[in-house]
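One structure is given here, and the rest of the page talks about it.
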Protein chains: 2
Amino acid sequence: MKKSAYEQAGVSINRGNEAVKRIKSMVGRLGVQEIGKFGGFFPLKGGIKNPILVSSADGVGTKLKIAFMTGVHNTVGRDLVNHCVNDILVSGARPLFFLDYLASGRVEPGIVSEVISGVLDGCLENEMVLLGGETAEMPGFYQEGEYDIAGFIVGIVGRGNVVDGKTIRKGDLLVGLPSTGLHTNGYSLARQIVFEKLNLKTSSKVSELEAPIAEELLRVHRSYLKPVQTLLEGKLLKGMAHITGGGLLENIPRILPEETAVVIEKAWPVPPLFSFLVQAGNVSEAERYRVFNMGIGMVLVIEPRNLSRVEFALNRMNEDFYLIGQVTENKGGVRVRIK
Amino acid sequence: MKKSAYEQAGVSINRGNEAVKRIKSMVGRLGVQEIGKFGGFFPLKGGIKNPILVSSADGVGTKLKIAFMTGVHNTVGRDLVNHCVNDILVSGARPLFFLDYLASGRVEPGIVSEVISGVLDGCLENEMVLLGGETAEMPGFYQEGEYDIAGFIVGIVGRGNVVDGKTIRKGDLLVGLPSTGLHTNGYSLARQIVFEKLNLKTSSKVSELEAPIAEELLRVHRSYLKPVQTLLEGKLLKGMAHITGGGLLENIPRILPEETAVVIEKAWPVPPLFSFLVQAGNVSEAERYRVFNMGIGMVLVIEPRNLSRVEFALNRMNEDFYLIGQVTENKGGVRVRIK
């Protein structure tokens, strides 16, 4: 068949349509009807007093390179969704819907449907609707077999239930919820250490680690929806920080009132992946807590008198957690001191 | 100064922070306070019965390459915003807020702030809030000086005011609103014709065109907010199609009821840019109406008895428009016939 001029320029509308078809068949699971029109529809239910929409945009960063290296494309979508969910959870919001933007040089329906299946898994896991998305074919932008993906989330919270850290006071406690790995941050450094400095292959086994190195690096960024929602229902949380780029050092201050600081004690088991990276890469103490989450993906700030209720609730859900620090006075120095 | 290991891996958190700072200072104009936290807040006002959120995600496509070639980075953000606005307008929705995702190999604060200033211009133009965004630094993903950008919009409409084309009947009229240029579609083909086949430079002047070729190609994708909102208030619209990728041929059927088709008459002045591209690229009749908007960026479907009211309203706003066709019966053949 003769290629049209448009196809010769590197864009195939038919190939794009095939990808959209596969996406639609999967999207059926979530009962969204309006995907494929110009915009997705989300009917707002009543019942929330002074509703506030909370929205966030994010990407997966260079973790995508691990997907490219391994050919495993069905998990980065979950990374993306869970990252976005956690970013609105910290305000006390409940996820409503999600949209994705997926761009590559050439739309490969097989890869696109794997990536989107991960997005759908993430949406299902967080009981959220995939309302729409854009699959862009951009010849000359991305290397062959590569792509970038961005996600957009909208959630809702009543004004009276917003969690913003404003009530945090000296003496409050910091509870850390464990991460499942690097989540979506620190991959540029991790890849440099693993694949350049140490010259490992994706399938290489490192003695300290259970799985091959690429599998360890691909572990899915977890969602904290379940434990956080349960604690929110009990009005047990004064503030939350999602530990992303900038680590504990930069994310915790985002929710601290001016007059407060925190002291963190290294009271949690640092997962072997982090110990390995830090040692192999000779990553300084200051830098490791800025670039990596070091095993803590979400920090909750609670009142001391609520500790036993928080412990009880988390234990009941079989959620691991660690008491990792305390709120102190801001004496004009560093806001996060790690002892 | 010694570079940290993270900087050596190509990521500078400081450079990212500098870009965020510049963005914040601009965002002040729109009165958004919550940017820079984990999620942006948008308080929902009441007064809309059975509210539906309408949301869309999109990019600018390879029009970005023209920005890279010319070094003009302050208009693609407007393209992005206006494209998204038009995509929800067609459902009858009013824009509420916008988020952007901007990814590059290396964050250049100067370029980032230019791109975002365009996004802000677009938000201001459409009376919408820029609620947040992500500026991602992804070494090894994008060529030096290049980037990709995605946008995400949320609007609102009451269920009773949704425009979805369901009431479109045989005999209804099609009104076309002019485009300002290629908008954001057809750039892969246009670039091939202009810069490969004809081997023109960005500054080349083509006799048929007023401005240098790159300037013609960069013209901003316009927003149809003002004319469309006025016609919506008068309940004068049965359906709207935003003419994006797929052109008149693929976008109009998206809103047509099964039993209808349309006949388009070439009754509008095709802008010289399209005539030039079609001739120089030897683009077939069938292809040109699929790849390019050919001068019509928005199609409105109205009842014949409302024509004079529509004309009056558009004339009052000094909006150009063309009666371009009519709804016919779907006899199982092509849905859009261009005579």
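Residues are referred to by chain and number: the chain letter is A, B, ... according to the order shown in the structure tokens, the number counts from 1 in that chain, and ligands are numbered separately from 1 in the order shown.
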- Message: With only C-alpha atoms as the counted atoms, please give the residues lying no more than 12 Å from Pro271 (chain A), apart from itself and same-chain residues fewer than 4 positions off, as a PyMOL selection string.
- Response: chain A and resi 178-182+208-210+216+275-278+292-297
For the contact check between chain A and chain B, emit one row per residue of chain A within 6 Å, containing the shortest atom pair and the distance in Å rounded to one decimal, counting only C-alpha atoms, chain then rising number order, as JSON lines.
{"residue": "A:Tyr6", "atom": "CA", "partner": "B:Leu189", "partner_atom": "CA", "distance": 5.5}
{"residue": "A:Ala9", "atom": "CA", "partner": "B:Leu189", "partner_atom": "CA", "distance": 5.5}
{"residue": "A:Phe38", "atom": "CA", "partner": "B:Asp87", "partner_atom": "CA", "distance": 5.1}
{"residue": "A:Gly39", "atom": "CA", "partner": "B:Ser56", "partner_atom": "CA", "distance": 4.8}
{"residue": "A:Gly40", "atom": "CA", "partner": "B:Ser55", "partner_atom": "CA", "distance": 5.2}
{"residue": "A:Phe41", "atom": "CA", "partner": "B:Val54", "partner_atom": "CA", "distance": 4.7}
{"residue": "A:Phe42", "atom": "CA", "partner": "B:Leu53", "partner_atom": "CA", "distance": 4.9}
{"residue": "A:Pro43", "atom": "CA", "partner": "B:Ile52", "partner_atom": "CA", "distance": 4.1}
{"residue": "A:Leu44", "atom": "CA", "partner": "B:Ile52", "partner_atom": "CA", "distance": 5.6}
{"residue": "A:Pro51", "atom": "CA", "partner": "B:Leu44", "partner_atom": "CA", "distance": 5.7}
{"residue": "A:Ile52", "atom": "CA", "partner": "B:Pro43", "partner_atom": "CA", "distance": 4.1}
{"residue": "A:Leu53", "atom": "CA", "partner": "B:Phe42", "partner_atom": "CA", "distance": 4.9}
{"residue": "A:Val54", "atom": "CA", "partner": "B:Phe41", "partner_atom": "CA", "distance": 4.7}
{"residue": "A:Ser55", "atom": "CA", "partner": "B:Gly40", "partner_atom": "CA", "distance": 5.2}
{"residue": "A:Ser56", "atom": "CA", "partner": "B:Gly39", "partner_atom": "CA", "distance": 4.8}
{"residue": "A:Ala57", "atom": "CA", "partner": "B:Gly133", "partner_atom": "CA", "distance": 5.4}
{"residue": "A:Asp58", "atom": "CA", "partner": "B:Glu134", "partner_atom": "CA", "distance": 5.6}
{"residue": "A:Thr62", "atom": "CA", "partner": "B:Met138", "partner_atom": "CA", "distance": 5.9}
{"residue": "A:Asp87", "atom": "CA", "partner": "B:Phe38", "partner_atom": "CA", "distance": 5.1}
{"residue": "A:Ile88", "atom": "CA", "partner": "B:Gly39", "partner_atom": "CA", "distance": 5.4}
{"residue": "A:Gly133", "atom": "CA", "partner": "B:Ala57", "partner_atom": "CA", "distance": 5.4}
{"residue": "A:Glu134", "atom": "CA", "partner": "B:Asp58", "partner_atom": "CA", "distance": 5.6}
{"residue": "A:Met138", "atom": "CA", "partner": "B:Thr62", "partner_atom": "CA", "distance": 5.9}
{"residue": "A:Ser188", "atom": "CA", "partner": "B:Ala9", "partner_atom": "CA", "distance": 5.8}
{"residue": "A:Leu189", "atom": "CA", "partner": "B:Ala9", "partner_atom": "CA", "distance": 5.4}
Let's have chain B fitted on chain A; use all the C-alpha atoms paired in order for the least-squares step and return it as a short mmCIF file (atom, residue, chain, number, x, y, z; two decimals) with C-alpha atoms, in the first residue's frame.
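For reference, superposed_22.cif as written:
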data_model
loop_
_atom_site.label_atom_id
_atom_site.label_comp_id
_atom_site.auth_asym_id
_atom_site.auth_seq_id
_atom_site.Cartn_x
_atom_site.Cartn_y
_atom_site.Cartn_z
CA MET B 1 0.12 0.04 -0.10
CA LYS B 2 1.35 3.49 -0.92
CA LYS B 3 2.06 5.56 2.15
CA SER B 4 0.30 8.91 2.34
CA ALA B 5 2.42 12.05 2.57
CA TYR B 6 1.48 12.27 6.23
CA GLU B 7 2.69 8.76 6.92
CA GLN B 8 5.90 9.48 5.09
CA ALA B 9 6.39 12.37 7.52
CA GLY B 10 6.32 9.77 10.28
CA VAL B 11 2.79 10.04 11.64
CA SER B 12 0.23 7.31 11.25
CA ILE B 13 -3.30 8.22 12.22
CA ASN B 14 -4.32 4.58 11.69
CA ARG B 15 -1.66 3.33 14.10
CA GLY B 16 -2.85 5.93 16.60
CA ASN B 17 -6.45 4.81 16.13
CA GLU B 18 -5.47 1.17 16.77
CA ALA B 19 -3.88 2.19 20.06
CA VAL B 20 -6.97 4.19 21.04
CA LYS B 21 -9.14 1.15 20.26
CA ARG B 22 -7.13 -1.07 22.57
CA ILE B 23 -7.26 1.56 25.29
CA LYS B 24 -11.03 1.86 24.96
CA SER B 25 -11.56 -1.87 25.34
CA MET B 26 -9.61 -1.79 28.60
CA VAL B 27 -11.24 1.37 29.83
CA GLY B 28 -14.57 -0.42 29.70
CA ARG B 29 -13.61 -2.06 32.99
CA LEU B 30 -13.94 1.27 34.76
CA GLY B 31 -17.25 2.21 33.22
CA VAL B 32 -16.15 5.47 31.63
CA GLN B 33 -18.22 6.27 28.59
CA GLU B 34 -16.96 9.57 27.36
CA ILE B 35 -13.36 8.76 26.53
CA GLY B 36 -12.59 9.47 22.89
CA LYS B 37 -14.75 12.57 22.68
CA PHE B 38 -13.14 15.97 23.03
CA GLY B 39 -13.31 15.96 26.83
CA GLY B 40 -14.14 13.43 29.56
CA PHE B 41 -17.22 13.91 31.75
CA PHE B 42 -17.22 13.47 35.51
CA PRO B 43 -20.57 14.13 37.25
CA LEU B 44 -19.99 15.64 40.69
CA LYS B 45 -22.03 14.16 43.46
CA GLY B 46 -23.22 16.41 46.25
CA GLY B 47 -22.77 15.82 49.95
CA ILE B 48 -19.46 17.59 50.47
CA LYS B 49 -19.73 20.93 52.23
CA ASN B 50 -17.61 23.70 50.68
CA PRO B 51 -15.95 21.35 48.22
CA ILE B 52 -12.42 22.06 47.04
CA LEU B 53 -10.92 20.37 44.01
CA VAL B 54 -7.31 19.34 44.56
CA SER B 55 -5.27 18.72 41.46
CA SER B 56 -1.74 17.72 40.59
CA ALA B 57 0.37 16.95 37.51
CA ASP B 58 3.37 14.70 37.48
CA GLY B 59 5.58 12.36 35.52
CA VAL B 60 7.59 9.24 36.21
CA GLY B 61 11.00 10.80 35.56
CA THR B 62 13.92 8.75 34.36
CA LYS B 63 12.52 5.57 35.92
CA LEU B 64 11.16 5.21 32.41
CA LYS B 65 14.68 4.39 31.24
CA ILE B 66 14.52 1.19 33.31
CA ALA B 67 11.29 0.30 31.52
CA PHE B 68 13.02 0.89 28.17
CA MET B 69 16.04 -1.20 29.16
CA THR B 70 13.96 -4.14 30.35
CA GLY B 71 11.01 -3.93 27.99
CA VAL B 72 8.67 -3.99 30.99
CA HIS B 73 6.11 -1.29 30.22
CA ASN B 74 3.08 -2.32 32.27
CA THR B 75 4.14 -0.91 35.65
CA VAL B 76 5.20 2.71 34.98
CA GLY B 77 1.55 3.66 34.60
CA ARG B 78 0.91 2.48 38.16
CA ASP B 79 3.93 4.47 39.33
CA LEU B 80 2.43 7.52 37.70
CA VAL B 81 -1.06 7.10 39.13
CA ASN B 82 0.12 6.26 42.64
CA HIS B 83 2.51 9.20 42.67
CA CYS B 84 -0.33 11.56 41.75
CA VAL B 85 -2.71 9.95 44.26
CA ASN B 86 -0.21 10.45 47.08
CA ASP B 87 0.27 14.08 46.06
CA ILE B 88 -3.39 14.92 46.64
CA LEU B 89 -3.88 12.52 49.57
CA VAL B 90 -1.57 14.69 51.66
CA SER B 91 -4.18 17.47 51.50
CA GLY B 92 -6.85 15.09 52.76
CA ALA B 93 -8.42 14.77 49.31
CA ARG B 94 -10.12 11.72 47.83
CA PRO B 95 -9.15 10.84 44.21
CA LEU B 96 -11.90 11.39 41.63
CA PHE B 97 -10.37 11.00 38.19
CA PHE B 98 -7.15 10.79 36.22
CA LEU B 99 -5.91 11.69 32.74
CA ASP B 100 -2.67 10.72 31.08
CA TYR B 101 -0.44 12.14 28.36
CA LEU B 102 1.74 9.61 26.55
CA ALA B 103 4.18 10.82 23.91
CA SER B 104 6.54 8.85 21.71
CA GLY B 105 8.28 9.24 18.39
CA ARG B 106 6.21 6.49 16.87
CA VAL B 107 3.06 5.04 18.42
CA GLU B 108 3.60 1.31 18.99
CA PRO B 109 0.14 -0.04 19.87
CA GLY B 110 1.67 -2.90 21.87
CA ILE B 111 3.74 -0.61 24.07
CA VAL B 112 1.00 1.99 24.38
CA SER B 113 -1.54 -0.56 25.54
CA GLU B 114 0.92 -1.97 28.09
CA VAL B 115 1.64 1.49 29.48
CA ILE B 116 -2.05 2.34 29.63
CA SER B 117 -2.88 -1.00 31.24
CA GLY B 118 -0.57 0.08 34.07
CA VAL B 119 -2.40 3.40 34.28
CA LEU B 120 -5.68 1.50 34.49
CA ASP B 121 -4.33 -0.84 37.16
CA GLY B 122 -3.38 2.25 39.16
CA CYS B 123 -6.79 3.80 38.68
CA LEU B 124 -8.53 0.59 39.78
CA GLU B 125 -6.24 0.25 42.80
CA ASN B 126 -7.21 3.75 43.89
CA GLU B 127 -10.89 3.45 42.93
CA MET B 128 -10.60 6.26 40.47
CA VAL B 129 -11.82 6.83 36.92
CA LEU B 130 -9.48 7.15 33.94
CA LEU B 131 -11.35 10.01 32.31
CA GLY B 132 -9.25 10.54 29.23
CA GLY B 133 -5.83 11.03 27.83
CA GLU B 134 -3.73 11.95 24.87
CA THR B 135 -1.48 9.60 22.95
CA ALA B 136 0.84 11.84 20.94
CA GLU B 137 3.03 10.69 18.08
CA MET B 138 5.95 13.08 17.78
CA PRO B 139 8.53 12.02 15.21
CA GLY B 140 12.00 13.29 16.05
CA PHE B 141 11.29 13.96 19.74
CA TYR B 142 11.91 10.61 21.34
CA GLN B 143 14.39 7.86 20.61
CA GLU B 144 13.06 4.68 19.07
CA GLY B 145 11.16 2.58 21.60
CA GLU B 146 11.16 5.43 24.13
CA TYR B 147 8.35 7.64 25.39
CA ASP B 148 7.42 10.09 28.10
CA ILE B 149 4.28 9.98 30.20
CA ALA B 150 2.56 12.55 32.37
CA GLY B 151 -0.43 12.21 34.64
CA PHE B 152 -3.03 14.55 35.93
CA ILE B 153 -5.27 13.91 38.89
CA VAL B 154 -8.31 15.63 40.36
CA GLY B 155 -9.57 14.87 43.84
CA ILE B 156 -11.98 16.51 46.24
CA VAL B 157 -12.06 17.50 49.89
CA GLY B 158 -14.44 19.57 52.01
CA ARG B 159 -12.91 22.77 53.33
CA GLY B 160 -13.36 21.56 56.90
CA ASN B 161 -11.40 18.40 56.17
CA VAL B 162 -8.37 19.94 54.47
CA VAL B 163 -5.09 18.74 55.99
CA ASP B 164 -2.42 21.39 55.55
CA GLY B 165 -0.08 21.15 58.52
CA LYS B 166 -1.19 24.48 60.00
CA THR B 167 -1.95 22.95 63.39
CA ILE B 168 1.43 21.22 63.71
CA ARG B 169 3.09 22.13 67.02
CA LYS B 170 6.30 21.38 68.86
CA GLY B 171 6.07 17.92 70.38
CA ASP B 172 4.01 16.36 67.58
CA LEU B 173 5.24 13.01 66.32
CA LEU B 174 6.38 11.90 62.88
CA VAL B 175 5.25 8.50 61.66
CA GLY B 176 6.92 7.12 58.56
CA LEU B 177 5.23 4.71 56.17
CA PRO B 178 7.69 2.53 54.26
CA SER B 179 8.37 2.96 50.56
CA THR B 180 8.55 0.01 48.20
CA GLY B 181 11.80 1.17 46.60
CA LEU B 182 13.00 4.35 44.89
CA HIS B 183 9.38 5.13 43.99
CA THR B 184 9.86 7.67 41.18
CA ASN B 185 12.86 9.67 42.38
CA GLY B 186 16.61 9.43 42.25
CA TYR B 187 16.76 7.41 39.04
CA SER B 188 19.31 9.56 37.25
CA LEU B 189 21.77 9.00 40.07
CA ALA B 190 20.81 5.34 40.60
CA ARG B 191 21.23 4.56 36.91
CA GLN B 192 24.59 6.27 36.85
CA ILE B 193 25.79 4.20 39.81
CA VAL B 194 24.36 0.89 38.60
CA PHE B 195 24.82 0.99 34.85
CA GLU B 196 27.75 3.39 34.40
CA LYS B 197 29.93 3.21 37.49
CA LEU B 198 29.34 -0.49 38.25
CA ASN B 199 28.59 -1.38 34.65
CA LEU B 200 25.90 -3.89 35.71
CA LYS B 201 23.37 -5.41 33.34
CA THR B 202 19.61 -5.25 33.96
CA SER B 203 19.68 -8.95 34.89
CA SER B 204 22.69 -8.66 37.24
CA LYS B 205 22.22 -10.01 40.73
CA VAL B 206 23.69 -8.06 43.62
CA SER B 207 24.34 -10.19 46.67
CA GLU B 208 22.52 -7.84 49.06
CA LEU B 209 19.36 -7.78 46.93
CA GLU B 210 16.67 -10.40 46.37
CA ALA B 211 15.83 -9.75 42.73
CA PRO B 212 17.91 -8.79 39.69
CA ILE B 213 18.91 -5.13 39.86
CA ALA B 214 16.47 -3.84 37.21
CA GLU B 215 13.58 -5.56 38.95
CA GLU B 216 14.58 -3.88 42.22
CA LEU B 217 14.69 -0.53 40.44
CA LEU B 218 11.32 -1.06 38.77
CA ARG B 219 9.35 -1.80 41.97
CA VAL B 220 6.10 0.10 41.83
CA HIS B 221 5.68 3.41 43.63
CA ARG B 222 3.04 2.49 46.15
CA SER B 223 -0.19 4.29 46.92
CA TYR B 224 -0.87 5.28 50.51
CA LEU B 225 -4.59 5.62 49.90
CA LYS B 226 -5.81 2.90 52.23
CA PRO B 227 -3.87 3.71 55.43
CA VAL B 228 -4.18 7.45 54.93
CA GLN B 229 -7.93 7.40 54.27
CA THR B 230 -8.51 5.31 57.37
CA LEU B 231 -6.50 7.73 59.51
CA LEU B 232 -8.23 10.71 57.89
CA GLU B 233 -11.62 9.26 58.79
CA GLY B 234 -10.44 9.14 62.40
CA LYS B 235 -9.26 12.78 62.16
CA LEU B 236 -5.86 11.58 63.29
CA LEU B 237 -3.61 13.47 60.88
CA LYS B 238 -2.32 17.04 61.26
CA GLY B 239 -0.09 16.95 58.21
CA MET B 240 1.40 14.62 55.61
CA ALA B 241 4.41 14.83 53.35
CA HIS B 242 4.82 12.67 50.27
CA ILE B 243 8.55 11.96 50.03
CA THR B 244 9.42 12.62 46.38
CA GLY B 245 12.25 14.57 44.73
CA GLY B 246 14.08 16.45 47.49
CA GLY B 247 13.61 13.58 49.92
CA LEU B 248 12.84 13.92 53.62
CA LEU B 249 14.94 17.10 53.74
CA GLU B 250 12.87 19.12 51.28
CA ASN B 251 9.42 17.60 51.48
CA ILE B 252 8.75 17.76 55.20
CA PRO B 253 9.31 21.56 55.42
CA ARG B 254 6.59 22.08 52.82
CA ILE B 255 3.96 21.43 55.49
CA LEU B 256 5.68 22.81 58.60
CA PRO B 257 4.49 26.06 60.18
CA GLU B 258 7.22 28.73 60.23
CA GLU B 259 7.96 28.32 63.94
CA THR B 260 8.62 24.58 63.75
CA ALA B 261 11.36 22.22 62.64
CA VAL B 262 11.78 18.45 62.95
CA VAL B 263 14.36 16.05 64.24
CA ILE B 264 14.44 12.68 62.48
CA GLU B 265 15.97 9.65 64.08
CA LYS B 266 17.18 6.87 61.83
CA ALA B 267 14.84 4.48 63.54
CA TRP B 268 13.66 2.54 60.51
CA PRO B 269 15.35 -0.29 58.62
CA VAL B 270 16.87 1.24 55.50
CA PRO B 271 16.03 -1.18 52.66
CA PRO B 272 19.07 -2.95 51.17
CA LEU B 273 18.62 -1.22 47.78
CA PHE B 274 19.36 2.16 49.36
CA SER B 275 22.32 0.90 51.39
CA PHE B 276 23.73 -0.67 48.24
CA LEU B 277 23.30 2.50 46.14
CA VAL B 278 24.67 4.80 48.83
CA GLN B 279 27.74 2.65 49.33
CA ALA B 280 28.43 1.88 45.69
CA GLY B 281 27.88 5.50 44.69
CA ASN B 282 29.62 6.98 47.71
CA VAL B 283 26.58 9.21 48.19
CA SER B 284 27.09 11.66 51.06
CA GLU B 285 24.80 11.71 54.10
CA ALA B 286 23.36 15.09 53.10
CA GLU B 287 22.73 14.04 49.53
CA ARG B 288 21.18 10.64 50.14
CA TYR B 289 18.28 12.13 52.13
CA ARG B 290 17.67 14.68 49.40
CA VAL B 291 17.83 12.41 46.36
CA PHE B 292 16.38 9.17 47.72
CA ASN B 293 13.44 8.46 50.03
CA MET B 294 15.75 6.08 51.95
CA GLY B 295 12.84 3.76 52.76
CA ILE B 296 10.20 6.25 53.90
CA GLY B 297 7.64 7.23 51.27
CA MET B 298 5.11 9.08 53.38
CA VAL B 299 5.47 11.01 56.62
CA LEU B 300 2.46 11.56 58.87
CA VAL B 301 2.40 14.18 61.60
CA ILE B 302 0.23 13.30 64.58
CA GLU B 303 -0.46 14.47 68.10
CA PRO B 304 1.30 12.40 70.79
CA ARG B 305 -2.03 11.62 72.48
CA ASN B 306 -3.25 10.00 69.24
CA LEU B 307 -0.28 7.68 68.87
CA SER B 308 -1.97 4.58 70.23
CA ARG B 309 -5.04 5.11 68.02
CA VAL B 310 -2.79 5.51 64.98
CA GLU B 311 -0.82 2.41 65.92
CA PHE B 312 -4.00 0.43 66.43
CA ALA B 313 -5.46 1.47 63.08
CA LEU B 314 -2.25 0.76 61.13
CA ASN B 315 -1.69 -2.57 62.82
CA ARG B 316 -5.26 -3.60 62.03
CA MET B 317 -4.57 -2.96 58.35
CA ASN B 318 -1.25 -4.83 58.56
CA GLU B 319 0.54 -1.64 57.60
CA ASP B 320 4.16 -1.30 58.61
CA PHE B 321 5.13 2.04 60.12
CA TYR B 322 7.94 3.61 62.12
CA LEU B 323 8.04 6.38 64.65
CA ILE B 324 10.78 8.42 62.99
CA GLY B 325 10.90 11.77 64.71
CA GLN B 326 9.42 14.71 66.48
CA VAL B 327 8.49 18.32 65.82
CA THR B 328 10.76 20.86 67.50
CA GLU B 329 11.19 24.60 67.60
CA ASN B 330 12.57 26.36 64.52
CA LYS B 331 15.64 28.15 65.81
CA GLY B 332 16.44 29.60 62.40
CA GLY B 333 18.69 26.74 61.40
CA VAL B 334 17.95 23.67 59.33
CA ARG B 335 14.30 22.64 59.29
CA VAL B 336 14.98 18.90 59.11
CA ARG B 337 17.79 17.50 61.22
CA ILE B 338 18.60 13.83 60.73
CA LYS B 339 20.39 12.31 63.70
#
- So which bits of region 151-200 of chain A end up strand (DSSP E) when you DSSP the backbone, as a list in words? Gly151, Phe152, Ile153, Val154, Gly155, Ile156, Val157, Gly158, Leu173, Leu174, Val175, Gly176, Leu177 and Pro178 of chain A
Can you spit out the residues from that selection as a short mmCIF file (atom, residue, chain, number, x, y, z; two decimals), in the first residue's frame, using N, CA and C atoms?
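Written file, result-v7.cif:
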data_model
loop_
_atom_site.label_atom_id
_atom_site.label_comp_id
_atom_site.auth_asym_id
_atom_site.auth_seq_id
_atom_site.Cartn_x
_atom_site.Cartn_y
_atom_site.Cartn_z
N GLY A 151 0.89 12.52 34.08
CA GLY A 151 -0.42 12.23 34.63
C GLY A 151 -1.01 13.44 35.32
N PHE A 152 -2.33 13.50 35.31
CA PHE A 152 -3.05 14.60 35.93
C PHE A 152 -4.16 14.02 36.78
N ILE A 153 -4.24 14.46 38.00
CA ILE A 153 -5.25 13.91 38.91
C ILE A 153 -6.12 15.03 39.45
N VAL A 154 -7.39 14.72 39.66
CA VAL A 154 -8.29 15.63 40.35
C VAL A 154 -8.96 14.86 41.49
N GLY A 155 -8.90 15.44 42.67
CA GLY A 155 -9.57 14.87 43.82
C GLY A 155 -10.42 15.93 44.49
N ILE A 156 -11.07 15.56 45.58
CA ILE A 156 -11.98 16.51 46.24
C ILE A 156 -11.87 16.37 47.75
N VAL A 157 -12.05 17.49 48.43
CA VAL A 157 -12.07 17.50 49.89
C VAL A 157 -12.96 18.66 50.34
N GLY A 158 -13.67 18.46 51.42
CA GLY A 158 -14.44 19.56 52.00
C GLY A 158 -13.50 20.49 52.75
N LEU A 173 4.40 14.15 66.72
CA LEU A 173 5.23 13.00 66.32
C LEU A 173 5.19 12.77 64.82
N LEU A 174 6.28 12.23 64.31
CA LEU A 174 6.37 11.89 62.89
C LEU A 174 6.34 10.37 62.73
N VAL A 175 5.36 9.91 61.98
CA VAL A 175 5.24 8.49 61.68
C VAL A 175 5.61 8.29 60.21
N GLY A 176 6.52 7.37 59.94
CA GLY A 176 6.92 7.12 58.56
C GLY A 176 6.29 5.84 58.04
N LEU A 177 5.73 5.91 56.84
CA LEU A 177 5.22 4.70 56.18
C LEU A 177 6.28 4.27 55.16
N PRO A 178 6.58 2.97 55.12
CA PRO A 178 7.69 2.52 54.27
C PRO A 178 7.40 2.69 52.78
#
- Members of region 36-270 of chain B assigned alpha helix (DSSP H) by DSSP, as a PyMOL selection string: chain B and resi 63-70+76-89+109-125+187-191+213-218+225-233+247-251
